[in-house]
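Student: First the structure, then my questions, so here it is.
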Amino acid sequence: MKIAVLSRNPRLYSTRRLVEAGQQRGHEMVVIDTLRAYMNIASHKPQIHYRGQALEGFDAVIPRIGASVTFYGCAVLRQFEMMGVYPLNESVAISRSRDKLRALQLLSRKGIGLPVTGFAHSPDDIPDLIQMVGGAPLVIKVLEGTQGMGVVLAETSKAAESVIEAFLGLKQDIMVQEYIQEAGGADIRCFVVGDKVIAAMKRQAKAGEFRSNLHRGGSASLIKITPEERMTAVRAAKVMGLNVAGVDILRSNHGPLVMEVNSSPGLEGIETTTAKDVAGMIIEHLEKNAEPGQTRTKGRG
Ligand code: ADP
């Protein structure tokens, strides 16, 4: 197959591994800088141009779209879809998962366990919002944040009120969430490919920190997940419509709670921790599923 990898940087671990795994399995791998792809959407024959040439003959595309380029990246991916190229994850599913609010609403509709979460727009509603999610301690999250940035633990209702006020004053959309203390600063990253969790790791926050992000000094280790956690992760990915997803789960007293479903999960942490060939399994998934012209949505969405 001829496979495009949409990525801003060919030197990133995940990009390199996908290229390597594809080549090892006999495929032609082409890295395309997402922001340098340009499109002709007026013609009857949708096209993508790249460095002066029309892209042709691709069977599949692997989107590795960073949060900061979601909008343009999804447009490029949609163009691939309209050309009949099979996407590892569809553009609609990626947009869905990138909107944290929408993602949680969709997951809750399907009865997937979530931390109690509230949203509000007006500062006047803050005290009631805090009550609604069960009072302090609680976690406040900027909707736009990644890698734990803009995620704050407020230990008292007073602290929560001032933090929320500050964010709203800065015109930042936020959500307010029950703090899952019993998770002990740890979460579980379940790597879903197709309808299976193919690898899982536990991420533990460093001492004095509740955010387990590896970028914030968290450490990763192997973990055996329960059948319930496995099922929750697979269902969450399915609800979002993602073939490949990193589903982040908190272990609570009342079962697994999904925190986030990531549509471009990094490979470095999970491959290093589990010693599994995750990139190879992703390519294998494409081999089984990529049939040119088979995109369900054809980019309508
Ligand atoms: P980001 O998407 O920026 O990584 P997350 O929502 O994943 O933000 O939060 C970052 C980290 O904070 C999580 O990995 C988890 O360890 C911790 N965390 C987030 N929400 C909660 C919560 N409701 N209860 C306990 N810990 C949480």
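All residue names refer to the structure tokens as shown: chains lettered A, B, ... in order, residues numbered from 1 in each chain, ligands numbered from 1 in order.
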Considering only alpha helix (DSSP H) as DSSP defines it on the backbone, what residues of stretch 130-206 of chain A qualify? List them as an MDAnalysis selection string.
Tutor: chainID A and resid 130:132 157:169
Student: Per DSSP on the backbone, filter stretch 237-298 of chain A down to the residues in strand (DSSP E or B) and report them as a list of chain:residue names.
Tutor: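 The residues of stretch 237-298 of chain A classed as strand (DSSP E or B) are A:Val244, A:Ala245, A:Gly246, A:Val247, A:Asp248, A:Ile249, A:Leu250, A:Arg251, A:Ser252, A:Gly255, A:Pro256, A:Leu257, A:Val258, A:Met259, A:Glu260, A:Val261, A:Asn262.
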Student: Kindly export the residues of the current selection with C-alpha atoms, as a short mmCIF file (atom, residue, chain, number, x, y, z; two decimals), in the first residue's frame.
Tutor:
data_model
loop_
_atom_site.label_atom_id
_atom_site.label_comp_id
_atom_site.auth_asym_id
_atom_site.auth_seq_id
_atom_site.Cartn_x
_atom_site.Cartn_y
_atom_site.Cartn_z
CA VAL A 244 -7.16 4.08 17.10
CA ALA A 245 -7.39 5.92 20.38
CA GLY A 246 -5.64 6.50 23.66
CA VAL A 247 -8.34 6.24 26.30
CA ASP A 248 -7.39 7.71 29.67
CA ILE A 249 -9.12 6.11 32.61
CA LEU A 250 -9.21 6.91 36.33
CA ARG A 251 -9.71 4.04 38.78
CA SER A 252 -12.47 5.19 41.10
CA GLY A 255 -15.41 1.64 38.62
CA PRO A 256 -13.45 2.99 35.66
CA LEU A 257 -14.10 6.61 34.70
CA VAL A 258 -13.07 7.91 31.29
CA MET A 259 -11.25 11.21 31.42
CA GLU A 260 -10.31 11.67 27.81
CA VAL A 261 -10.24 9.91 24.46
CA ASN A 262 -7.17 10.94 22.50
#
Student: Can you tell me which residues surround stretch 191-195 of chain A at a distance of at most 9 Å, considering only C-alpha atoms, apart from same-chain residues fewer than 2 positions away, and format the answer as a VMD selection string?
Tutor: chain A and resid 189 197 to 201 233 to 235 237 to 238 242 to 248 265 270 278 281 to 282 285
Student: May I have the selected residues written with N, CA, C and O atoms, as a compact mmCIF listing (two decimals), in the first residue's frame?
Tutor:
# COMPACT_ATOMS: atom_id res chain seq x y z
N ARG A 189 -3.58 4.64 30.72
CA ARG A 189 -3.71 4.90 29.29
C ARG A 189 -3.95 3.55 28.59
O ARG A 189 -3.11 2.67 28.64
N VAL A 197 -8.00 -3.44 23.25
CA VAL A 197 -6.93 -2.68 23.91
C VAL A 197 -5.67 -3.49 23.67
O VAL A 197 -5.54 -4.61 24.15
N ILE A 198 -4.74 -2.93 22.88
CA ILE A 198 -3.56 -3.72 22.51
C ILE A 198 -2.38 -3.45 23.44
O ILE A 198 -1.39 -4.18 23.42
N ALA A 199 -2.49 -2.40 24.25
CA ALA A 199 -1.43 -2.11 25.23
C ALA A 199 -2.01 -1.16 26.27
O ALA A 199 -2.91 -0.38 25.96
N ALA A 200 -1.49 -1.27 27.48
CA ALA A 200 -1.96 -0.36 28.53
C ALA A 200 -0.81 -0.03 29.46
O ALA A 200 0.08 -0.87 29.69
N MET A 201 -0.83 1.18 29.98
CA MET A 201 0.19 1.54 30.97
C MET A 201 -0.43 2.42 32.04
O MET A 201 -1.45 3.08 31.82
N ALA A 233 -12.75 1.09 27.74
CA ALA A 233 -11.87 1.77 26.79
C ALA A 233 -12.32 1.51 25.35
O ALA A 233 -12.40 2.43 24.53
N VAL A 234 -12.65 0.27 25.06
CA VAL A 234 -13.07 -0.08 23.70
C VAL A 234 -14.37 0.63 23.35
O VAL A 234 -14.52 1.18 22.26
N ARG A 235 -15.30 0.66 24.31
CA ARG A 235 -16.58 1.32 24.06
C ARG A 235 -16.40 2.82 23.86
O ARG A 235 -17.02 3.43 22.99
N ALA A 237 -13.79 4.42 22.69
CA ALA A 237 -13.22 4.67 21.36
C ALA A 237 -14.32 4.52 20.30
O ALA A 237 -14.42 5.32 19.37
N LYS A 238 -15.15 3.52 20.48
CA LYS A 238 -16.21 3.27 19.52
C LYS A 238 -17.25 4.41 19.48
O LYS A 238 -17.67 4.84 18.41
N LEU A 242 -13.51 6.33 16.76
CA LEU A 242 -12.06 6.26 16.50
C LEU A 242 -11.60 4.81 16.38
O LEU A 242 -11.94 3.98 17.22
N ASN A 243 -10.85 4.50 15.33
CA ASN A 243 -10.28 3.15 15.18
C ASN A 243 -9.06 3.00 16.07
O ASN A 243 -8.76 1.91 16.56
N VAL A 244 -8.34 4.08 16.23
CA VAL A 244 -7.16 4.08 17.10
C VAL A 244 -7.33 5.21 18.10
O VAL A 244 -7.62 6.34 17.71
N ALA A 245 -7.18 4.89 19.37
CA ALA A 245 -7.39 5.92 20.38
C ALA A 245 -6.59 5.60 21.64
O ALA A 245 -6.32 4.44 21.95
N GLY A 246 -6.23 6.66 22.34
CA GLY A 246 -5.64 6.50 23.66
C GLY A 246 -6.73 6.91 24.65
O GLY A 246 -7.10 8.07 24.70
N VAL A 247 -7.24 5.93 25.37
CA VAL A 247 -8.34 6.24 26.30
C VAL A 247 -7.76 6.33 27.71
O VAL A 247 -7.14 5.38 28.20
N ASP A 248 -7.93 7.49 28.33
CA ASP A 248 -7.39 7.71 29.67
C ASP A 248 -8.47 7.46 30.71
O ASP A 248 -9.54 8.07 30.67
N PRO A 265 -2.85 9.37 19.84
CA PRO A 265 -2.06 9.03 21.03
C PRO A 265 -0.59 8.80 20.68
O PRO A 265 -0.29 8.19 19.65
N ILE A 270 4.05 4.39 25.37
CA ILE A 270 3.39 3.08 25.40
C ILE A 270 4.30 1.98 24.85
O ILE A 270 4.36 0.88 25.39
N VAL A 278 3.51 -1.32 18.83
CA VAL A 278 2.21 -0.66 18.64
C VAL A 278 2.10 -0.13 17.20
O VAL A 278 1.07 -0.26 16.55
N MET A 281 1.15 -2.78 14.89
CA MET A 281 -0.27 -3.18 15.01
C MET A 281 -1.19 -2.17 14.33
O MET A 281 -2.24 -2.54 13.81
N ILE A 282 -0.76 -0.92 14.32
CA ILE A 282 -1.55 0.11 13.62
C ILE A 282 -1.51 -0.15 12.11
O ILE A 282 -2.53 -0.12 11.42
N HIS A 285 -3.65 -2.98 11.22
CA HIS A 285 -5.07 -2.59 11.18
C HIS A 285 -5.41 -1.99 9.81
O HIS A 285 -6.47 -2.28 9.24
Student: Give one line per residue of chain A that approaches ligand 1 to at most 6 Å, naming the two atoms of the closest pair and their distance in Å to one decimal, counting only C-alpha atoms and all ligand atoms; sort by chain then ascending residue number and deliver it as JSON lines.
Tutor:
{"residue": "A:Pro115", "atom": "CA", "partner": "ligand 1", "partner_atom_place_in_ligand_line": "23 (N)", "distance": 5.8}
{"residue": "A:Val139", "atom": "CA", "partner": "ligand 1", "partner_atom_place_in_ligand_line": "23 (N)", "distance": 5.5}
{"residue": "A:Gly145", "atom": "CA", "partner": "ligand 1", "partner_atom_place_in_ligand_line": "3 (O)", "distance": 4.9}
{"residue": "A:Thr146", "atom": "CA", "partner": "ligand 1", "partner_atom_place_in_ligand_line": "3 (O)", "distance": 3.4}
{"residue": "A:Gln147", "atom": "CA", "partner": "ligand 1", "partner_atom_place_in_ligand_line": "3 (O)", "distance": 3.8}
{"residue": "A:Gly148", "atom": "CA", "partner": "ligand 1", "partner_atom_place_in_ligand_line": "3 (O)", "distance": 3.3}
{"residue": "A:Met149", "atom": "CA", "partner": "ligand 1", "partner_atom_place_in_ligand_line": "3 (O)", "distance": 5.3}
{"residue": "A:Val151", "atom": "CA", "partner": "ligand 1", "partner_atom_place_in_ligand_line": "9 (O)", "distance": 5.9}
{"residue": "A:Gln177", "atom": "CA", "partner": "ligand 1", "partner_atom_place_in_ligand_line": "23 (N)", "distance": 5.2}
{"residue": "A:Glu178", "atom": "CA", "partner": "ligand 1", "partner_atom_place_in_ligand_line": "23 (N)", "distance": 5.2}
{"residue": "A:Tyr179", "atom": "CA", "partner": "ligand 1", "partner_atom_place_in_ligand_line": "24 (N)", "distance": 3.8}
{"residue": "A:Ile180", "atom": "CA", "partner": "ligand 1", "partner_atom_place_in_ligand_line": "24 (N)", "distance": 3.8}
{"residue": "A:Gln181", "atom": "CA", "partner": "ligand 1", "partner_atom_place_in_ligand_line": "25 (C)", "distance": 5.8}
{"residue": "A:Gly185", "atom": "CA", "partner": "ligand 1", "partner_atom_place_in_ligand_line": "16 (O)", "distance": 5.4}
{"residue": "A:Ala186", "atom": "CA", "partner": "ligand 1", "partner_atom_place_in_ligand_line": "16 (O)", "distance": 5.3}
{"residue": "A:Asp187", "atom": "CA", "partner": "ligand 1", "partner_atom_place_in_ligand_line": "16 (O)", "distance": 5.3}
{"residue": "A:Phe210", "atom": "CA", "partner": "ligand 1", "partner_atom_place_in_ligand_line": "17 (C)", "distance": 5.7}
{"residue": "A:Arg211", "atom": "CA", "partner": "ligand 1", "partner_atom_place_in_ligand_line": "12 (O)", "distance": 3.6}
{"residue": "A:Ser212", "atom": "CA", "partner": "ligand 1", "partner_atom_place_in_ligand_line": "16 (O)", "distance": 3.9}
{"residue": "A:Asn213", "atom": "CA", "partner": "ligand 1", "partner_atom_place_in_ligand_line": "14 (O)", "distance": 5.1}
{"residue": "A:Met259", "atom": "CA", "partner": "ligand 1", "partner_atom_place_in_ligand_line": "6 (O)", "distance": 6.0}
Student: One decimal, in Å: what's the spacing between atom CA of A:Thr34 and atom CA of A:Leu214?
Tutor: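 Between atom CA of A:Thr34 and atom CA of A:Leu214 the gap is 25.3 Å.
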Student: Would you kindly return, as a tab-separated table (two decimals) with C-alpha atoms, in the first residue's frame, each protein, DNA or RNA residue with an atom no farther than 12 Å from any atom of A:Gln53, considering only C-alpha atoms and excluding same-chain residues fewer than 2 positions away?
Tutor:
chain	number	residue	atom	x	y	z
A	36	ARG	CA	2.03	22.42	3.81
A	37	ALA	CA	-0.73	20.44	2.12
A	38	TYR	CA	-3.02	22.67	0.13
A	39	MET	CA	-6.26	21.86	-1.51
A	47	GLN	CA	-7.12	17.16	-4.94
A	48	ILE	CA	-4.37	17.80	-2.48
A	49	HIS	CA	-1.21	19.48	-3.62
A	50	TYR	CA	2.09	19.24	-1.83
A	51	ARG	CA	5.28	21.04	-2.72
A	55	LEU	CA	-0.82	13.79	-4.34
A	56	GLU	CA	-1.94	10.61	-6.04
Student: Go ahead and compute the interatomic distance for atom CA of A:Leu114 and atom CA of A:Ala236, in Å to one decimal.
Tutor: 10.5 Å
Student: Take atom CA of A:Met231 and atom CA of A:Ser108 and report the distance between them in Å, one decimal.
Tutor: 15.3 Å
Student: Find the residues near A:Met83: any atom within 8 Å, counting only C-alpha atoms, skip ones fewer than 3 places away on the same chain, and give them as a list in words.
Tutor: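 Result of the neighbour search: Lys45, Pro46, Gln47, Gln79, Phe80 and Gly293 of chain A.
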Student: Which residues of stretch 58-146 of chain A come within 9 Å of stretch 160-175 of chain A, and what is each one's closest atom pair and distance in Å (one decimal), counting only C-alpha atoms, sorted by chain and residue number, as a tab-separated table?
Tutor:
residue	atom	partner	partner_atom	distance
A:Leu101	CA	A:Met175	CA	8.0
A:Thr117	CA	A:Met175	CA	6.7
A:Gly118	CA	A:Met175	CA	5.7
A:Phe119	CA	A:Met175	CA	4.8
A:Ala120	CA	A:Met175	CA	7.4
A:His121	CA	A:Asp173	CA	7.4
A:Ser122	CA	A:Leu168	CA	8.0
A:Pro123	CA	A:Glu165	CA	6.4
A:Ile126	CA	A:Glu161	CA	6.7
A:Pro127	CA	A:Glu161	CA	7.0
A:Ile130	CA	A:Ala160	CA	7.8
A:Gly135	CA	A:Ala160	CA	9.0
A:Ala136	CA	A:Ala160	CA	7.3
A:Pro137	CA	A:Ala160	CA	8.1
A:Leu138	CA	A:Ala160	CA	7.3
A:Val139	CA	A:Met175	CA	8.3
A:Ile140	CA	A:Met175	CA	5.9
A:Lys141	CA	A:Met175	CA	5.3
A:Val142	CA	A:Ile174	CA	4.4
A:Leu143	CA	A:Ile174	CA	5.2
A:Glu144	CA	A:Asp173	CA	7.6
Student: Export, as an mmCIF file, in the first residue's frame, the selected residues with N, CA, C and O atoms.
Tutor:
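selection.cif, freshly written:
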data_model
loop_
_atom_site.group_PDB
_atom_site.id
_atom_site.type_symbol
_atom_site.label_atom_id
_atom_site.label_comp_id
_atom_site.auth_asym_id
_atom_site.auth_seq_id
_atom_site.Cartn_x
_atom_site.Cartn_y
_atom_site.Cartn_z
ATOM 1 N N LEU A 101 -15.896 19.034 25.570
ATOM 2 C CA LEU A 101 -17.290 19.111 26.025
ATOM 3 C C LEU A 101 -18.165 18.120 25.255
ATOM 4 O O LEU A 101 -18.880 17.299 25.826
ATOM 5 N N THR A 117 -19.126 16.055 35.910
ATOM 6 C CA THR A 117 -18.522 17.221 35.245
ATOM 7 C C THR A 117 -19.563 18.288 34.989
ATOM 8 O O THR A 117 -20.690 17.977 34.613
ATOM 9 N N GLY A 118 -19.194 19.536 35.212
ATOM 10 C CA GLY A 118 -20.127 20.633 34.942
ATOM 11 C C GLY A 118 -19.487 21.701 34.073
ATOM 12 O O GLY A 118 -18.267 21.844 34.052
ATOM 13 N N PHE A 119 -20.316 22.400 33.335
ATOM 14 C CA PHE A 119 -19.846 23.531 32.527
ATOM 15 C C PHE A 119 -20.743 24.711 32.817
ATOM 16 O O PHE A 119 -21.942 24.538 33.040
ATOM 17 N N ALA A 120 -20.193 25.880 32.760
ATOM 18 C CA ALA A 120 -21.032 27.069 32.881
ATOM 19 C C ALA A 120 -20.372 28.184 32.105
ATOM 20 O O ALA A 120 -19.171 28.134 31.809
ATOM 21 N N HIS A 121 -21.160 29.169 31.763
ATOM 22 C CA HIS A 121 -20.600 30.296 31.032
ATOM 23 C C HIS A 121 -20.553 31.547 31.901
ATOM 24 O O HIS A 121 -19.567 32.268 31.918
ATOM 25 N N SER A 122 -21.645 31.745 32.656
ATOM 26 C CA SER A 122 -21.735 32.997 33.404
ATOM 27 C C SER A 122 -21.126 32.867 34.800
ATOM 28 O O SER A 122 -21.397 31.910 35.521
ATOM 29 N N PRO A 123 -20.321 33.827 35.184
ATOM 30 C CA PRO A 123 -19.735 33.824 36.527
ATOM 31 C C PRO A 123 -20.810 33.756 37.620
ATOM 32 O O PRO A 123 -20.578 33.209 38.697
ATOM 33 N N ILE A 126 -21.437 30.240 39.116
ATOM 34 C CA ILE A 126 -20.322 29.441 39.648
ATOM 35 C C ILE A 126 -20.638 28.743 40.974
ATOM 36 O O ILE A 126 -20.427 27.533 41.091
ATOM 37 N N PRO A 127 -21.159 29.460 41.973
ATOM 38 C CA PRO A 127 -21.416 28.776 43.252
ATOM 39 C C PRO A 127 -22.330 27.560 43.069
ATOM 40 O O PRO A 127 -22.079 26.488 43.635
ATOM 41 N N ILE A 130 -20.480 24.654 41.401
ATOM 42 C CA ILE A 130 -19.601 23.950 42.347
ATOM 43 C C ILE A 130 -20.419 22.975 43.196
ATOM 44 O O ILE A 130 -20.030 21.818 43.399
ATOM 45 N N GLY A 135 -19.093 19.914 45.234
ATOM 46 C CA GLY A 135 -18.251 20.749 46.093
ATOM 47 C C GLY A 135 -16.775 20.374 46.048
ATOM 48 O O GLY A 135 -16.378 19.441 45.348
ATOM 49 N N ALA A 136 -15.950 21.102 46.811
ATOM 50 C CA ALA A 136 -14.505 20.883 46.810
ATOM 51 C C ALA A 136 -14.174 19.574 47.540
ATOM 52 O O ALA A 136 -14.988 19.120 48.345
ATOM 53 N N PRO A 137 -13.006 18.963 47.296
ATOM 54 C CA PRO A 137 -12.037 19.388 46.289
ATOM 55 C C PRO A 137 -12.540 19.084 44.869
ATOM 56 O O PRO A 137 -13.233 18.082 44.670
ATOM 57 N N LEU A 138 -12.171 19.930 43.934
ATOM 58 C CA LEU A 138 -12.547 19.643 42.554
ATOM 59 C C LEU A 138 -11.487 20.108 41.570
ATOM 60 O O LEU A 138 -10.594 20.881 41.908
ATOM 61 N N VAL A 139 -11.633 19.565 40.371
ATOM 62 C CA VAL A 139 -10.641 19.828 39.337
ATOM 63 C C VAL A 139 -11.249 20.789 38.321
ATOM 64 O O VAL A 139 -12.392 20.603 37.907
ATOM 65 N N ILE A 140 -10.488 21.820 37.988
ATOM 66 C CA ILE A 140 -10.956 22.801 37.001
ATOM 67 C C ILE A 140 -10.059 22.653 35.767
ATOM 68 O O ILE A 140 -8.835 22.588 35.892
ATOM 69 N N LYS A 141 -10.697 22.560 34.612
ATOM 70 C CA LYS A 141 -9.903 22.341 33.390
ATOM 71 C C LYS A 141 -10.259 23.350 32.320
ATOM 72 O O LYS A 141 -11.435 23.545 32.012
ATOM 73 N N VAL A 142 -9.237 23.930 31.746
ATOM 74 C CA VAL A 142 -9.441 24.793 30.589
ATOM 75 C C VAL A 142 -9.750 23.874 29.407
ATOM 76 O O VAL A 142 -9.045 22.883 29.189
ATOM 77 N N LEU A 143 -10.801 24.152 28.667
ATOM 78 C CA LEU A 143 -11.207 23.241 27.585
ATOM 79 C C LEU A 143 -10.120 23.066 26.538
ATOM 80 O O LEU A 143 -9.970 22.005 25.959
ATOM 81 N N GLU A 144 -9.387 24.101 26.299
ATOM 82 C CA GLU A 144 -8.369 24.081 25.242
ATOM 83 C C GLU A 144 -7.054 23.412 25.664
ATOM 84 O O GLU A 144 -6.183 23.218 24.842
#
Student: Pick the closest to A:Leu18 from A:Glu268, A:Glu209, A:Glu81, A:Glu291: which is it, counting only C-alpha atoms?
Tutor: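 Among the listed residues, A:Glu268 lies closest to A:Leu18.
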Student: List the neighbours of stretch 91-94 of chain A out to 8 Å using only C-alpha atoms; skip same-chain residues closer than 4 positions along the sequence, and give me the result as a PDB file with all heavy atoms, in the first residue's frame.
Tutor:
ATOM      1  N   CYS A  74      -7.821  18.661  10.120  1.00  0.00           N
ATOM      2  CA  CYS A  74      -9.042  17.904   9.809  1.00  0.00           C
ATOM      3  C   CYS A  74      -9.535  18.234   8.397  1.00  0.00           C
ATOM      4  O   CYS A  74     -10.077  17.369   7.708  1.00  0.00           O
ATOM      5  CB  CYS A  74     -10.133  18.169  10.839  1.00  0.00           C
ATOM      6  SG  CYS A  74      -9.840  17.248  12.357  1.00  0.00           S
ATOM      7  N   ALA A  75      -9.312  19.466   7.953  1.00  0.00           N
ATOM      8  CA  ALA A  75      -9.712  19.829   6.593  1.00  0.00           C
ATOM      9  C   ALA A  75      -8.874  19.048   5.568  1.00  0.00           C
ATOM     10  O   ALA A  75      -9.400  18.533   4.576  1.00  0.00           O
ATOM     11  CB  ALA A  75      -9.562  21.330   6.385  1.00  0.00           C
ATOM     12  N   LEU A  77      -7.376  16.193   6.103  1.00  0.00           N
ATOM     13  CA  LEU A  77      -7.774  14.789   6.203  1.00  0.00           C
ATOM     14  C   LEU A  77      -9.093  14.541   5.463  1.00  0.00           C
ATOM     15  O   LEU A  77      -9.266  13.544   4.762  1.00  0.00           O
ATOM     16  CB  LEU A  77      -7.898  14.406   7.681  1.00  0.00           C
ATOM     17  CG  LEU A  77      -8.280  12.963   7.970  1.00  0.00           C
ATOM     18  CD1 LEU A  77      -7.273  11.980   7.378  1.00  0.00           C
ATOM     19  CD2 LEU A  77      -8.398  12.735   9.478  1.00  0.00           C
ATOM     20  N   ARG A  78     -10.030  15.474   5.623  1.00  0.00           N
ATOM     21  CA  ARG A  78     -11.325  15.363   4.954  1.00  0.00           C
ATOM     22  C   ARG A  78     -11.137  15.327   3.430  1.00  0.00           C
ATOM     23  O   ARG A  78     -11.818  14.606   2.721  1.00  0.00           O
ATOM     24  CB  ARG A  78     -12.188  16.564   5.346  1.00  0.00           C
ATOM     25  CG  ARG A  78     -13.655  16.391   5.129  1.00  0.00           C
ATOM     26  CD  ARG A  78     -14.461  17.236   6.107  1.00  0.00           C
ATOM     27  NE  ARG A  78     -13.983  18.608   6.204  1.00  0.00           N
ATOM     28  CZ  ARG A  78     -13.632  19.212   7.330  1.00  0.00           C
ATOM     29  NH1 ARG A  78     -13.702  18.587   8.479  1.00  0.00           N
ATOM     30  NH2 ARG A  78     -13.206  20.455   7.328  1.00  0.00           N
ATOM     31  N   ARG A  98     -11.719  16.080  19.884  1.00  0.00           N
ATOM     32  CA  ARG A  98     -10.945  17.266  20.267  1.00  0.00           C
ATOM     33  C   ARG A  98     -11.784  18.272  21.050  1.00  0.00           C
ATOM     34  O   ARG A  98     -11.270  19.116  21.762  1.00  0.00           O
ATOM     35  CB  ARG A  98     -10.381  17.945  19.018  1.00  0.00           C
ATOM     36  CG  ARG A  98      -9.215  17.220  18.405  1.00  0.00           C
ATOM     37  CD  ARG A  98      -7.968  17.365  19.240  1.00  0.00           C
ATOM     38  NE  ARG A  98      -7.009  16.317  18.980  1.00  0.00           N
ATOM     39  CZ  ARG A  98      -6.128  16.329  17.996  1.00  0.00           C
ATOM     40  NH1 ARG A  98      -6.069  17.345  17.188  1.00  0.00           N
ATOM     41  NH2 ARG A  98      -5.292  15.323  17.847  1.00  0.00           N
ATOM     42  N   MET A 240     -16.705   7.448  20.095  1.00  0.00           N
ATOM     43  CA  MET A 240     -16.110   8.585  19.394  1.00  0.00           C
ATOM     44  C   MET A 240     -15.922   8.289  17.910  1.00  0.00           C
ATOM     45  O   MET A 240     -15.620   9.187  17.137  1.00  0.00           O
ATOM     46  CB  MET A 240     -14.738   8.935  19.990  1.00  0.00           C
ATOM     47  CG  MET A 240     -14.707   9.259  21.467  1.00  0.00           C
ATOM     48  SD  MET A 240     -15.969  10.399  22.011  1.00  0.00           S
ATOM     49  CE  MET A 240     -15.552  11.791  21.033  1.00  0.00           C
ATOM     50  N   GLY A 241     -16.024   7.030  17.530  1.00  0.00           N
ATOM     51  CA  GLY A 241     -15.822   6.658  16.131  1.00  0.00           C
ATOM     52  C   GLY A 241     -14.357   6.566  15.754  1.00  0.00           C
ATOM     53  O   GLY A 241     -13.999   6.695  14.589  1.00  0.00           O
ATOM     54  N   LEU A 242     -13.506   6.329  16.762  1.00  0.00           N
ATOM     55  CA  LEU A 242     -12.063   6.256  16.496  1.00  0.00           C
ATOM     56  C   LEU A 242     -11.603   4.806  16.375  1.00  0.00           C
ATOM     57  O   LEU A 242     -11.941   3.975  17.224  1.00  0.00           O
ATOM     58  CB  LEU A 242     -11.290   6.939  17.625  1.00  0.00           C
ATOM     59  CG  LEU A 242     -11.483   8.458  17.763  1.00  0.00           C
ATOM     60  CD1 LEU A 242     -10.947   8.960  19.102  1.00  0.00           C
ATOM     61  CD2 LEU A 242     -10.797   9.189  16.603  1.00  0.00           C
ATOM     62  N   SER A 263      -7.221  11.160  20.074  1.00  0.00           N
ATOM     63  CA  SER A 263      -7.272  10.614  18.710  1.00  0.00           C
ATOM     64  C   SER A 263      -5.901  10.492  18.039  1.00  0.00           C
ATOM     65  O   SER A 263      -5.789   9.859  16.993  1.00  0.00           O
ATOM     66  CB  SER A 263      -8.173  11.491  17.844  1.00  0.00           C
ATOM     67  OG  SER A 263      -7.700  12.817  17.861  1.00  0.00           O
ATOM     68  N   GLY A 299     -16.193  12.327   4.223  1.00  0.00           N
ATOM     69  CA  GLY A 299     -15.844  13.695   4.604  1.00  0.00           C
ATOM     70  C   GLY A 299     -17.024  14.621   4.818  1.00  0.00           C
ATOM     71  O   GLY A 299     -16.834  15.814   5.008  1.00  0.00           O
ATOM     72  N   GLY A 301     -19.202  16.085   7.119  1.00  0.00           N
ATOM     73  CA  GLY A 301     -19.361  16.172   8.558  1.00  0.00           C
ATOM     74  C   GLY A 301     -18.640  17.346   8.991  1.00  0.00           C
ATOM     75  O   GLY A 301     -18.035  17.790   9.735  1.00  0.00           O
TER      76      GLY A 301
END
Student: Which residues are close to A:Phe58, i.e. within 7 Å by only C-alpha atoms, leaving aside same-chain residues fewer than 4 positions away? Reply as a list in words.
Tutor: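 Result of the neighbour search: Lys2, Ile3, Ala4 and Val85 of chain A.
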Student: Which of these residues is nearest to A:Gly266, using only C-alpha atoms: A:Ile223, A:Ala279, A:Ala183, A:Ala159?
Tutor: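 Smallest distance to A:Gly266 is found for A:Ala279.
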Student: Which is closer to A:Gly269 than all the others in A:Gly184, A:Gly218, A:Pro10, A:Gly22, using only C-alpha atoms?
Tutor: A:Gly218
